[in-house]
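File shown here: entry_24.tsv, holding TSV, C-alpha atoms.
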```
chain	number	residue	atom	x	y	z
A	1	MET	CA	113.02	-32.50	42.79
A	2	THR	CA	110.25	-30.28	41.37
A	3	ILE	CA	108.40	-32.07	38.58
A	4	ILE	CA	107.37	-29.85	35.67
A	5	PRO	CA	104.54	-31.26	33.53
A	6	GLN	CA	106.08	-32.07	30.16
A	7	GLN	CA	102.95	-30.88	28.36
A	8	LYS	CA	103.45	-27.37	29.78
A	9	ILE	CA	107.00	-27.20	28.44
A	10	GLU	CA	105.99	-28.60	25.06
A	11	ALA	CA	103.09	-26.13	24.83
A	12	LEU	CA	105.44	-23.26	25.66
A	13	ILE	CA	107.98	-24.27	23.01
A	14	ALA	CA	105.21	-24.75	20.44
A	15	ARG	CA	103.80	-21.29	21.22
A	16	MET	CA	107.23	-19.68	20.86
A	17	ARG	CA	107.72	-21.30	17.46
A	18	SER	CA	104.23	-20.24	16.41
A	19	ILE	CA	104.97	-16.62	17.34
A	20	ASP	CA	108.23	-16.65	15.39
A	21	GLU	CA	106.41	-18.05	12.35
A	22	GLN	CA	103.74	-15.36	12.56
A	23	LEU	CA	106.29	-12.58	12.97
A	24	SER	CA	108.02	-13.73	9.78
A	25	THR	CA	104.85	-12.90	7.80
A	26	PRO	CA	103.29	-9.50	6.94
A	27	LEU	CA	101.20	-8.27	9.89
A	28	ASP	CA	99.47	-5.09	11.00
A	29	ARG	CA	101.11	-2.89	13.63
A	30	ASP	CA	98.87	-3.87	16.55
A	31	THR	CA	99.42	-7.60	15.94
A	32	ILE	CA	103.18	-7.09	15.72
A	33	VAL	CA	103.15	-5.18	19.03
A	34	LYS	CA	101.08	-7.85	20.80
A	35	LEU	CA	103.14	-10.75	19.47
A	36	GLY	CA	106.37	-8.93	20.24
A	37	ARG	CA	105.27	-8.39	23.83
A	38	GLU	CA	104.22	-12.00	24.23
A	39	ARG	CA	107.52	-13.21	22.83
A	40	ALA	CA	109.49	-10.97	25.20
A	41	GLU	CA	107.48	-12.33	28.13
A	42	LEU	CA	107.98	-15.96	27.05
A	43	ASP	CA	111.68	-15.62	26.22
A	44	PRO	CA	113.09	-16.13	29.77
A	45	VAL	CA	110.98	-19.23	30.47
A	46	TYR	CA	111.65	-20.58	26.95
A	47	ASP	CA	115.42	-20.32	27.54
A	48	ALA	CA	115.12	-22.00	30.94
A	49	ALA	CA	112.82	-24.75	29.61
A	50	THR	CA	115.08	-25.61	26.67
A	51	ALA	CA	118.10	-25.63	29.02
A	52	LEU	CA	116.17	-28.00	31.30
A	53	GLN	CA	115.36	-30.31	28.39
A	54	ALA	CA	119.02	-30.36	27.32
A	55	ALA	CA	120.15	-31.16	30.87
A	56	VAL	CA	117.60	-33.99	31.16
A	57	ARG	CA	118.75	-35.50	27.84
A	58	GLU	CA	122.37	-35.27	28.94
A	59	ARG	CA	121.53	-36.94	32.27
A	60	GLU	CA	119.71	-39.77	30.48
A	61	GLY	CA	122.75	-40.29	28.28
A	62	LEU	CA	124.88	-41.02	31.34
A	63	GLU	CA	122.85	-44.07	32.36
A	64	GLY	CA	124.76	-46.36	29.99
A	65	LEU	CA	128.15	-45.04	31.13
A	66	MET	CA	127.26	-45.56	34.79
A	67	ALA	CA	126.78	-49.27	34.04
A	68	ASP	CA	130.38	-49.44	32.77
A	69	PRO	CA	132.75	-50.20	35.70
A	70	GLU	CA	135.56	-48.16	34.14
A	71	MET	CA	133.38	-45.08	33.60
A	72	ALA	CA	131.03	-45.39	36.57
A	73	GLY	CA	133.00	-43.08	38.88
A	74	LEU	CA	133.36	-40.25	36.37
A	75	ALA	CA	129.81	-40.66	35.09
A	76	GLY	CA	128.49	-40.68	38.67
A	77	ASP	CA	130.16	-37.35	39.45
A	78	GLU	CA	128.75	-35.85	36.24
A	79	ALA	CA	125.30	-37.26	37.04
A	80	ALA	CA	125.34	-35.67	40.50
A	81	SER	CA	126.24	-32.31	38.98
A	82	LEU	CA	123.48	-32.64	36.39
A	83	ASP	CA	120.93	-33.68	39.02
A	84	SER	CA	121.70	-30.47	40.91
A	85	ARG	CA	121.38	-28.39	37.73
A	86	ILE	CA	118.13	-30.12	36.74
A	87	ALA	CA	116.66	-29.41	40.20
A	88	GLU	CA	117.71	-25.75	39.95
A	89	LEU	CA	116.34	-25.35	36.41
A	90	SER	CA	113.11	-27.14	37.33
A	91	GLU	CA	112.45	-24.69	40.16
A	92	GLN	CA	113.35	-21.77	37.90
A	93	VAL	CA	110.95	-22.99	35.18
A	94	ARG	CA	108.22	-23.61	37.74
A	95	LEU	CA	108.53	-20.06	39.02
A	96	LEU	CA	108.56	-18.63	35.50
A	97	LEU	CA	105.48	-20.66	34.56
A	98	LEU	CA	103.40	-19.12	37.34
A	99	PRO	CA	100.57	-16.82	36.17
A	100	LYS	CA	102.06	-13.48	35.22
A	101	ASP	CA	100.53	-10.06	35.66
A	102	ALA	CA	100.42	-8.86	32.07
A	103	ALA	CA	100.96	-5.30	33.27
A	104	ASP	CA	104.23	-5.95	35.13
A	105	GLU	CA	106.51	-4.57	32.43
A	106	LYS	CA	104.46	-1.41	31.96
A	107	SER	CA	105.01	2.12	33.15
A	108	ALA	CA	102.66	3.29	35.90
A	109	ILE	CA	100.46	6.18	36.93
A	110	VAL	CA	100.78	6.92	40.64
A	111	GLU	CA	98.01	8.80	42.45
A	112	ILE	CA	98.69	10.08	45.97
A	113	ARG	CA	95.93	11.72	48.00
A	114	ALA	CA	95.98	13.19	51.49
A	115	GLY	CA	93.66	11.31	53.83
A	116	THR	CA	92.80	11.93	57.46
A	117	GLY	CA	94.97	14.46	59.23
A	118	GLY	CA	94.41	17.81	57.48
A	119	ASN	CA	97.58	19.75	56.71
A	120	GLU	CA	99.78	17.03	58.19
A	121	ALA	CA	98.27	14.49	55.79
A	122	ALA	CA	99.03	16.78	52.84
A	123	LEU	CA	102.63	17.16	54.02
A	124	PHE	CA	102.90	13.37	54.29
A	125	ALA	CA	101.49	12.98	50.75
A	126	GLY	CA	104.32	15.26	49.65
A	127	ASP	CA	106.84	13.05	51.47
A	128	LEU	CA	105.50	9.96	49.71
A	129	PHE	CA	105.65	11.63	46.30
A	130	ARG	CA	109.27	12.66	46.86
A	131	MET	CA	110.08	9.11	48.00
A	132	TYR	CA	108.76	7.65	44.74
A	133	GLN	CA	110.35	10.46	42.73
A	134	ARG	CA	113.78	9.73	44.22
A	135	TYR	CA	113.30	5.98	43.85
A	136	ALA	CA	112.49	6.55	40.18
A	137	GLU	CA	115.62	8.64	39.72
A	138	LEU	CA	117.76	5.84	41.20
A	139	ARG	CA	116.27	3.43	38.64
A	140	ARG	CA	116.57	5.95	35.80
A	141	TRP	CA	112.82	6.14	35.31
A	142	LYS	CA	111.16	9.31	34.08
A	143	VAL	CA	108.62	11.13	36.28
A	144	GLU	CA	106.01	13.46	34.77
A	145	VAL	CA	103.46	15.20	36.98
A	146	LEU	CA	100.03	15.03	35.33
A	147	SER	CA	98.12	17.07	37.89
A	148	GLU	CA	98.54	18.39	41.42
A	149	SER	CA	96.62	20.21	44.11
A	150	GLN	CA	98.87	21.74	46.73
A	151	GLY	CA	98.09	21.67	50.44
A	152	ASP	CA	97.46	24.88	52.37
A	153	ALA	CA	100.61	24.37	54.47
A	154	GLY	CA	102.66	22.56	51.83
A	155	GLY	CA	102.66	19.07	50.41
A	156	PHE	CA	99.74	17.94	48.28
A	157	LYS	CA	96.05	17.36	48.71
A	158	GLU	CA	96.44	15.27	45.55
A	159	ILE	CA	99.18	14.61	43.04
A	160	ILE	CA	99.10	12.33	40.00
A	161	ALA	CA	102.27	11.43	38.13
A	162	ASN	CA	103.29	9.16	35.28
A	163	ILE	CA	106.42	7.12	36.02
A	164	SER	CA	107.74	5.64	32.81
A	165	GLY	CA	110.32	2.92	32.33
A	166	LYS	CA	110.57	-0.84	31.99
A	167	GLY	CA	109.02	-2.81	34.83
A	168	VAL	CA	107.78	0.20	36.81
A	169	PHE	CA	104.42	-1.39	37.63
A	170	ALA	CA	106.04	-4.65	38.78
A	171	ARG	CA	108.09	-2.73	41.36
A	172	LEU	CA	105.45	-0.25	42.53
A	173	LYS	CA	102.16	-2.17	42.36
A	174	PHE	CA	102.40	-3.29	45.99
A	175	GLU	CA	102.43	0.37	47.07
A	176	SER	CA	98.67	0.70	46.55
A	177	GLY	CA	96.84	1.21	49.83
A	178	VAL	CA	96.72	3.42	52.89
A	179	HIS	CA	100.04	4.70	54.22
A	180	ARG	CA	99.96	5.95	57.81
A	181	VAL	CA	102.40	8.36	59.47
A	182	GLN	CA	102.98	8.93	63.18
A	183	ARG	CA	104.97	12.03	64.07
A	184	VAL	CA	104.93	15.34	65.94
A	185	PRO	CA	103.79	18.13	63.58
A	186	ALA	CA	105.94	21.27	63.48
A	187	THR	CA	102.94	23.27	64.74
A	188	GLU	CA	102.36	21.00	67.76
A	189	ALA	CA	103.63	22.95	70.78
A	190	SER	CA	103.00	20.16	73.32
A	191	GLY	CA	105.03	17.57	71.41
A	192	ARG	CA	102.02	15.26	70.98
A	193	ILE	CA	102.32	12.61	68.27
A	194	HIS	CA	99.69	12.86	65.53
A	195	THR	CA	98.56	10.07	63.23
A	196	SER	CA	97.75	10.99	59.63
A	197	ALA	CA	97.30	9.05	56.43
A	198	ALA	CA	97.56	9.23	52.67
A	199	THR	CA	96.31	6.85	50.03
A	200	VAL	CA	98.38	5.61	47.12
A	201	ALA	CA	96.96	4.07	43.94
A	202	VAL	CA	99.30	2.60	41.34
A	203	LEU	CA	97.76	2.00	37.93
A	204	PRO	CA	99.50	0.33	34.98
A	205	GLU	CA	99.79	2.69	32.05
A	206	ALA	CA	97.60	1.49	29.19
A	207	GLU	CA	98.16	1.97	25.47
A	208	ASP	CA	95.82	2.05	22.49
A	209	VAL	CA	96.30	-1.67	21.94
A	210	ASP	CA	95.27	-2.35	25.56
A	211	ILE	CA	92.18	-0.16	25.80
A	212	ALA	CA	90.21	1.38	22.96
A	213	ILE	CA	88.03	4.31	24.03
A	214	ARG	CA	85.17	5.20	21.72
A	215	PRO	CA	84.67	8.97	21.25
A	216	GLU	CA	80.92	8.58	21.78
A	217	ASP	CA	81.60	7.13	25.25
A	218	MET	CA	83.29	10.34	26.43
A	219	ARG	CA	81.88	13.71	27.44
A	220	VAL	CA	84.66	16.29	27.26
A	221	ASP	CA	84.29	19.64	29.04
A	222	THR	CA	86.71	22.55	29.30
A	223	THR	CA	87.42	24.12	32.67
A	224	ARG	CA	89.17	27.26	33.81
A	225	ALA	CA	92.92	26.82	34.28
A	226	SER	CA	95.25	29.38	35.80
A	227	SER	CA	98.98	29.63	36.08
A	228	ALA	CA	100.90	30.23	39.28
A	229	GLY	CA	100.91	33.88	40.23
A	230	GLY	CA	97.85	34.55	42.31
A	231	GLN	CA	94.61	36.33	41.51
A	232	HIS	CA	96.14	38.59	38.86
A	233	ALA	CA	97.50	35.71	36.75
A	234	ASN	CA	95.96	35.12	33.35
A	235	THR	CA	93.33	32.40	33.16
A	236	THR	CA	92.18	30.38	30.16
A	237	ASP	CA	89.57	27.73	29.44
A	238	SER	CA	92.26	25.13	28.81
A	239	GLY	CA	91.53	22.61	31.56
A	240	ILE	CA	89.99	19.34	30.45
A	241	ARG	CA	87.42	17.23	32.30
A	242	ILE	CA	86.40	13.90	30.75
A	243	VAL	CA	83.48	11.78	31.89
A	244	HIS	CA	83.49	8.17	30.69
A	245	ILE	CA	79.77	7.60	30.28
A	246	PRO	CA	79.61	3.77	30.53
A	247	THR	CA	81.56	3.63	33.82
A	248	GLY	CA	81.06	7.10	35.29
A	249	ILE	CA	84.83	7.54	35.71
A	250	ILE	CA	85.85	11.22	35.77
A	251	VAL	CA	89.36	12.48	35.03
A	252	THR	CA	90.73	16.00	34.86
A	253	ALA	CA	93.92	17.66	33.69
A	254	VAL	CA	94.67	21.33	34.26
A	255	SER	CA	97.63	23.24	32.87
A	256	ARG	CA	98.17	26.00	30.31
A	257	SER	CA	97.95	23.75	27.25
A	258	GLN	CA	94.53	22.41	26.28
A	259	HIS	CA	96.08	19.97	23.79
A	260	GLN	CA	98.41	18.57	26.45
A	261	ASN	CA	95.59	18.42	28.98
A	262	ARG	CA	93.40	16.40	26.65
A	263	ALA	CA	96.20	13.92	25.96
A	264	GLN	CA	96.99	13.55	29.67
A	265	ALA	CA	93.33	13.15	30.63
A	266	ILE	CA	92.83	10.41	28.03
A	267	GLN	CA	96.04	8.73	29.22
A	268	LEU	CA	94.72	8.73	32.79
A	269	LEU	CA	91.27	7.53	31.71
A	270	ARG	CA	92.80	4.68	29.70
A	271	ALA	CA	94.86	3.63	32.74
A	272	LYS	CA	91.78	3.64	34.99
A	273	LEU	CA	89.75	1.57	32.52
A	274	PHE	CA	92.64	-0.88	32.11
A	275	ASP	CA	92.91	-1.16	35.88
A	276	LEU	CA	89.16	-1.74	36.11
A	277	GLU	CA	89.48	-4.70	33.72
A	278	ARG	CA	92.40	-6.07	35.71
A	279	GLN	CA	90.43	-5.79	38.94
A	280	LYS	CA	87.63	-7.84	37.41
A	281	VAL	CA	90.12	-10.55	36.45
A	282	ASP	CA	91.58	-10.42	39.96
A	283	ASP	CA	88.12	-10.85	41.47
A	284	ASP	CA	87.60	-13.94	39.32
A	285	ARG	CA	90.86	-15.37	40.69
A	286	ALA	CA	90.18	-14.32	44.29
A	287	ALA	CA	90.01	-17.85	45.71
A	288	ALA	CA	93.35	-18.87	44.21
A	289	ARG	CA	95.00	-15.66	45.35
A	290	ARG	CA	93.53	-15.47	48.85
A	291	GLY	CA	96.87	-15.49	50.62
A	292	GLN	CA	98.85	-13.15	48.42
A	293	VAL	CA	99.97	-9.67	49.35
A	294	GLY	CA	99.24	-6.55	47.37
A	295	SER	CA	95.64	-7.17	46.48
A	296	GLY	CA	95.46	-3.53	45.45
A	297	ASP	CA	92.63	-2.80	47.90
A	298	ARG	CA	93.11	0.93	48.43
A	299	SER	CA	91.19	0.90	51.72
A	300	GLU	CA	93.77	-1.49	53.23
A	301	ARG	CA	96.27	0.00	55.69
A	302	ILE	CA	99.52	-1.38	54.37
A	303	ARG	CA	102.33	0.56	56.02
A	304	THR	CA	103.14	2.77	59.02
A	305	TYR	CA	105.95	5.33	59.14
A	306	ASN	CA	106.78	6.06	62.80
A	307	PHE	CA	109.07	9.07	63.14
A	308	PRO	CA	109.72	9.02	66.93
A	309	GLN	CA	111.08	5.46	66.67
A	310	GLY	CA	112.57	5.87	63.19
A	311	ARG	CA	110.82	2.75	61.94
A	312	VAL	CA	108.75	1.66	58.96
A	313	THR	CA	106.41	-1.33	59.29
A	314	ASP	CA	104.73	-3.10	56.39
A	315	HIS	CA	101.73	-4.80	57.95
A	316	ARG	CA	101.13	-7.30	55.14
A	317	ILE	CA	104.33	-9.23	55.75
A	318	SER	CA	105.03	-8.06	59.33
A	319	LEU	CA	108.28	-6.42	58.22
A	320	THR	CA	109.81	-3.66	60.37
A	321	LEU	CA	112.86	-1.64	59.39
A	322	TYR	CA	114.53	0.98	61.56
A	323	LYS	CA	115.61	2.92	58.49
A	324	LEU	CA	112.81	5.43	58.08
A	325	ASP	CA	114.98	8.25	56.69
A	326	GLU	CA	116.60	5.95	54.12
A	327	VAL	CA	113.22	4.53	53.04
A	328	LEU	CA	111.69	8.00	52.59
A	329	ALA	CA	114.78	9.02	50.66
A	330	GLY	CA	114.08	6.17	48.23
A	331	ASP	CA	117.45	4.54	48.99
A	332	LYS	CA	116.01	1.64	51.03
A	333	LEU	CA	112.57	1.27	49.47
A	334	ASP	CA	113.77	-1.92	47.79
A	335	ALA	CA	114.29	-3.39	51.27
A	336	ILE	CA	110.48	-3.40	51.52
A	337	ILE	CA	109.55	-4.03	47.88
A	338	ASP	CA	111.82	-7.07	47.41
A	339	PRO	CA	110.35	-9.03	50.38
A	340	LEU	CA	106.84	-8.18	49.17
A	341	ILE	CA	107.63	-9.61	45.72
A	342	THR	CA	109.22	-12.70	47.29
A	343	ASP	CA	106.17	-13.26	49.52
A	344	HIS	CA	103.88	-12.83	46.52
A	345	GLN	CA	105.83	-15.44	44.52
A	346	ALA	CA	105.86	-17.83	47.49
A	347	SER	CA	102.08	-17.61	47.80
A	348	LEU	CA	101.70	-18.35	44.08
A	349	LEU	CA	104.03	-21.34	44.36
A	350	ALA	CA	102.04	-22.61	47.33
A	351	ALA	CA	98.77	-22.25	45.40
A	352	ASP	CA	100.36	-24.01	42.43
A	353	SER	CA	101.44	-26.92	44.67
A	354	GLU	CA	97.93	-27.25	46.11
A	355	GLU	CA	96.46	-27.43	42.61
A	356	ARG	CA	98.80	-30.31	41.82
```
Starting from the file, give its structure as structure tokens.
Amino acid sequence: MTIIPQQKIEALIARMRSIDEQLSTPLDRDTIVKLGRERAELDPVYDAATALQAAVREREGLEGLMADPEMAGLAGDEAASLDSRIAELSEQVRLLLLPKDAADEKSAIVEIRAGTGGNEAALFAGDLFRMYQRYAELRRWKVEVLSESQGDAGGFKEIIANISGKGVFARLKFESGVHRVQRVPATEASGRIHTSAATVAVLPEAEDVDIAIRPEDMRVDTTRASSAGGQHANTTDSGIRIVHIPTGIIVTAVSRSQHQNRAQAIQLLRAKLFDLERQKVDDDRAAARRGQVGSGDRSERIRTYNFPQGRVTDHRISLTLYKLDEVLAGDKLDAIIDPLITDHQASLLAADSEER
């Protein structure tokens, strides 16, 4: 049976009560938001921990009955049932007590860029975007394109989109990395298989309470934006380019509305700064997380989509599925994401056991 340190459970219950006490007093908006989030995150483990405590107390209460010859049989059956429930709850609490990624419940900004492979890479970037777009639709998430640069033969040289909904980042964060495609391009007369690639970066969407950006740390420039319609279309100086001076991060947003562009550019900048902070924390935990998947290293080749064989292989967990069409349609993407999450949790549990 998994043993949960009693001090951890007591600290959790004490923290939950402290939050409830604070929320019952007048507070400013930011504090209410932060405490509300923390409470929502603690609620599942609090429920499991209190259920575990109740089951343990009930099991202890059976000890006296088991010493009574007339009640021993009945009490023994009840004790066996409670032992099973205590073991199940203990494992559940242990899993819930593992370090959480604070960004898991957030929406996400997904950046897809064509890599090696020219026009074929841009077409593949388009395939990946449509895969995530369809997956989002299945989960009733909202997709908003922030910026795009179309490829010469279709697809995208780059596309950035905000995918909003509960738990988006938790589901998509393992998609960061290099995605490789092997297929015969439509323009290849000899039928030779080409290998191309696209990179995906998934950033948790940050809010004002997560990242405060000082106006003096930004240099905001306007750029020329044009609508679809070719060389005779009207153009305006509505595009926005922001340089974050302390970090050198540059973001752009180009559409017909300067006000919308500014808001989108700041949204993207805030996400990148938030991700930068998270990466620093991850680096500090590198030793403890050595074995886990989804490090977020965007130079890592994570997945291959092989069209001639109809297979998708995720190299991090050596998973191969012969369901390429269903994966690219978004229908079977969970068949890859779920094992990645399970492997990630298993590595955390293993690290937790070693620390004990």
- Counting all atoms listed in the file, the residue of A:Phe307, A:Phe156, A:Phe274, A:Tyr46 that sits nearest A:Arg183: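 Under the stated criterion, the closest residue is A:Phe307.
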- Message: Set the distance at 8 Å and use only C-alpha atoms: which residues neighbour A:Gly115 once local chain neighbours fewer than 5 positions away are removed? I'd like the list as a ChimeraX atom specification.
- Response: /A:121-122,196-199
- Task: Write out as a PyMOL selection string which residues come within 12 Å of A:Lys173 when counting only C-alpha atoms, dropping same-chain ones fewer than 4 positions away.
- Result: chain A and resi 101+103-111+167-169+177+200-205+275+293-298+337-338+340-341+344
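Residue nearest A:Ala55 within the list A:Gln309, A:Asp334, A:Ala80, A:Asp343: A:Ala80 [criterion: smallest interatomic distance, only C-alpha atoms].
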- Which polymer residues have any atom within 10 Å of an atom of A:Gln92, counting all atoms listed in the file, with same-chain residues fewer than 4 positions away left out, as number ranges by chain? A: 2, 44-45, 48-49, 52, 86-88, 96-97
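For the pair atom CA of A:Leu128 and atom CA of A:Arg140, the interatomic distance is 18.2 Å.
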- Query: Which distance in Å separates atom CA of A:Met218 and atom CA of A:Arg278, to one decimal?
  - Reply: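 That distance, rounded to one decimal, is 20.9 Å.
For the pair atom CA of A:Glu144 and atom CA of A:Ala161, the interatomic distance is 5.4 Å.
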Can you tell me which residues surround stretch 311-327 of chain A at a distance of at most 9 Å, considering only C-alpha atoms, apart from same-chain residues fewer than 5 positions away, and format the answer as a compact mmCIF listing (two decimals) with C-alpha atoms, in the coordinates of the input?
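Produced file out.txt, reproduced below:
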```
# COMPACT_ATOMS: atom_id res chain seq x y z
CA MET A 131 110.08 9.11 48.00
CA VAL A 293 99.97 -9.67 49.35
CA GLY A 294 99.24 -6.55 47.37
CA ARG A 301 96.27 0.00 55.69
CA ILE A 302 99.52 -1.38 54.37
CA ARG A 303 102.33 0.56 56.02
CA THR A 304 103.14 2.77 59.02
CA TYR A 305 105.95 5.33 59.14
CA ASN A 306 106.78 6.06 62.80
CA LYS A 332 116.01 1.64 51.03
CA LEU A 333 112.57 1.27 49.47
CA ASP A 334 113.77 -1.92 47.79
CA ALA A 335 114.29 -3.39 51.27
CA ILE A 336 110.48 -3.40 51.52
CA PRO A 339 110.35 -9.03 50.38
CA LEU A 340 106.84 -8.18 49.17
CA ASP A 343 106.17 -13.26 49.52
```
- Query: Which of these, A:Thr252, A:Gly165, A:Met16, A:Gly118, has the shortest distance to A:Glu41 once you count all atoms listed in the file?
  - Reply: A:Met16
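Comparing A:Met71, A:Ile193, A:Leu95, A:Ala271 by their smallest distance to A:Ala206, the closest is A:Ala271 (using only C-alpha atoms).
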Axis-aligned box over every listed atom of stretch 127-136 of chain A, padded by 4 Å per side: centre and edges in Å to one decimal, as JSON?
```
{"center_x": 109.6, "center_y": 9.5, "center_z": 45.8, "size_x": 16.3, "size_y": 15.1, "size_z": 19.3}
```
- For each of A:Arg262, A:Arg113, A:Arg39, A:Arg180, take the minimum atom-to-atom distance to A:Ile159, counting only C-alpha atoms, then give the residue where this is smallest. A:Arg113
- Message: Nearest residue to A:Ile245 out of A:Tyr135, A:Leu273, A:Thr222, A:Gly117, using all atoms listed in the file?
- Response: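 Checking each candidate against A:Ile245, we get A:Leu273 as the closest.
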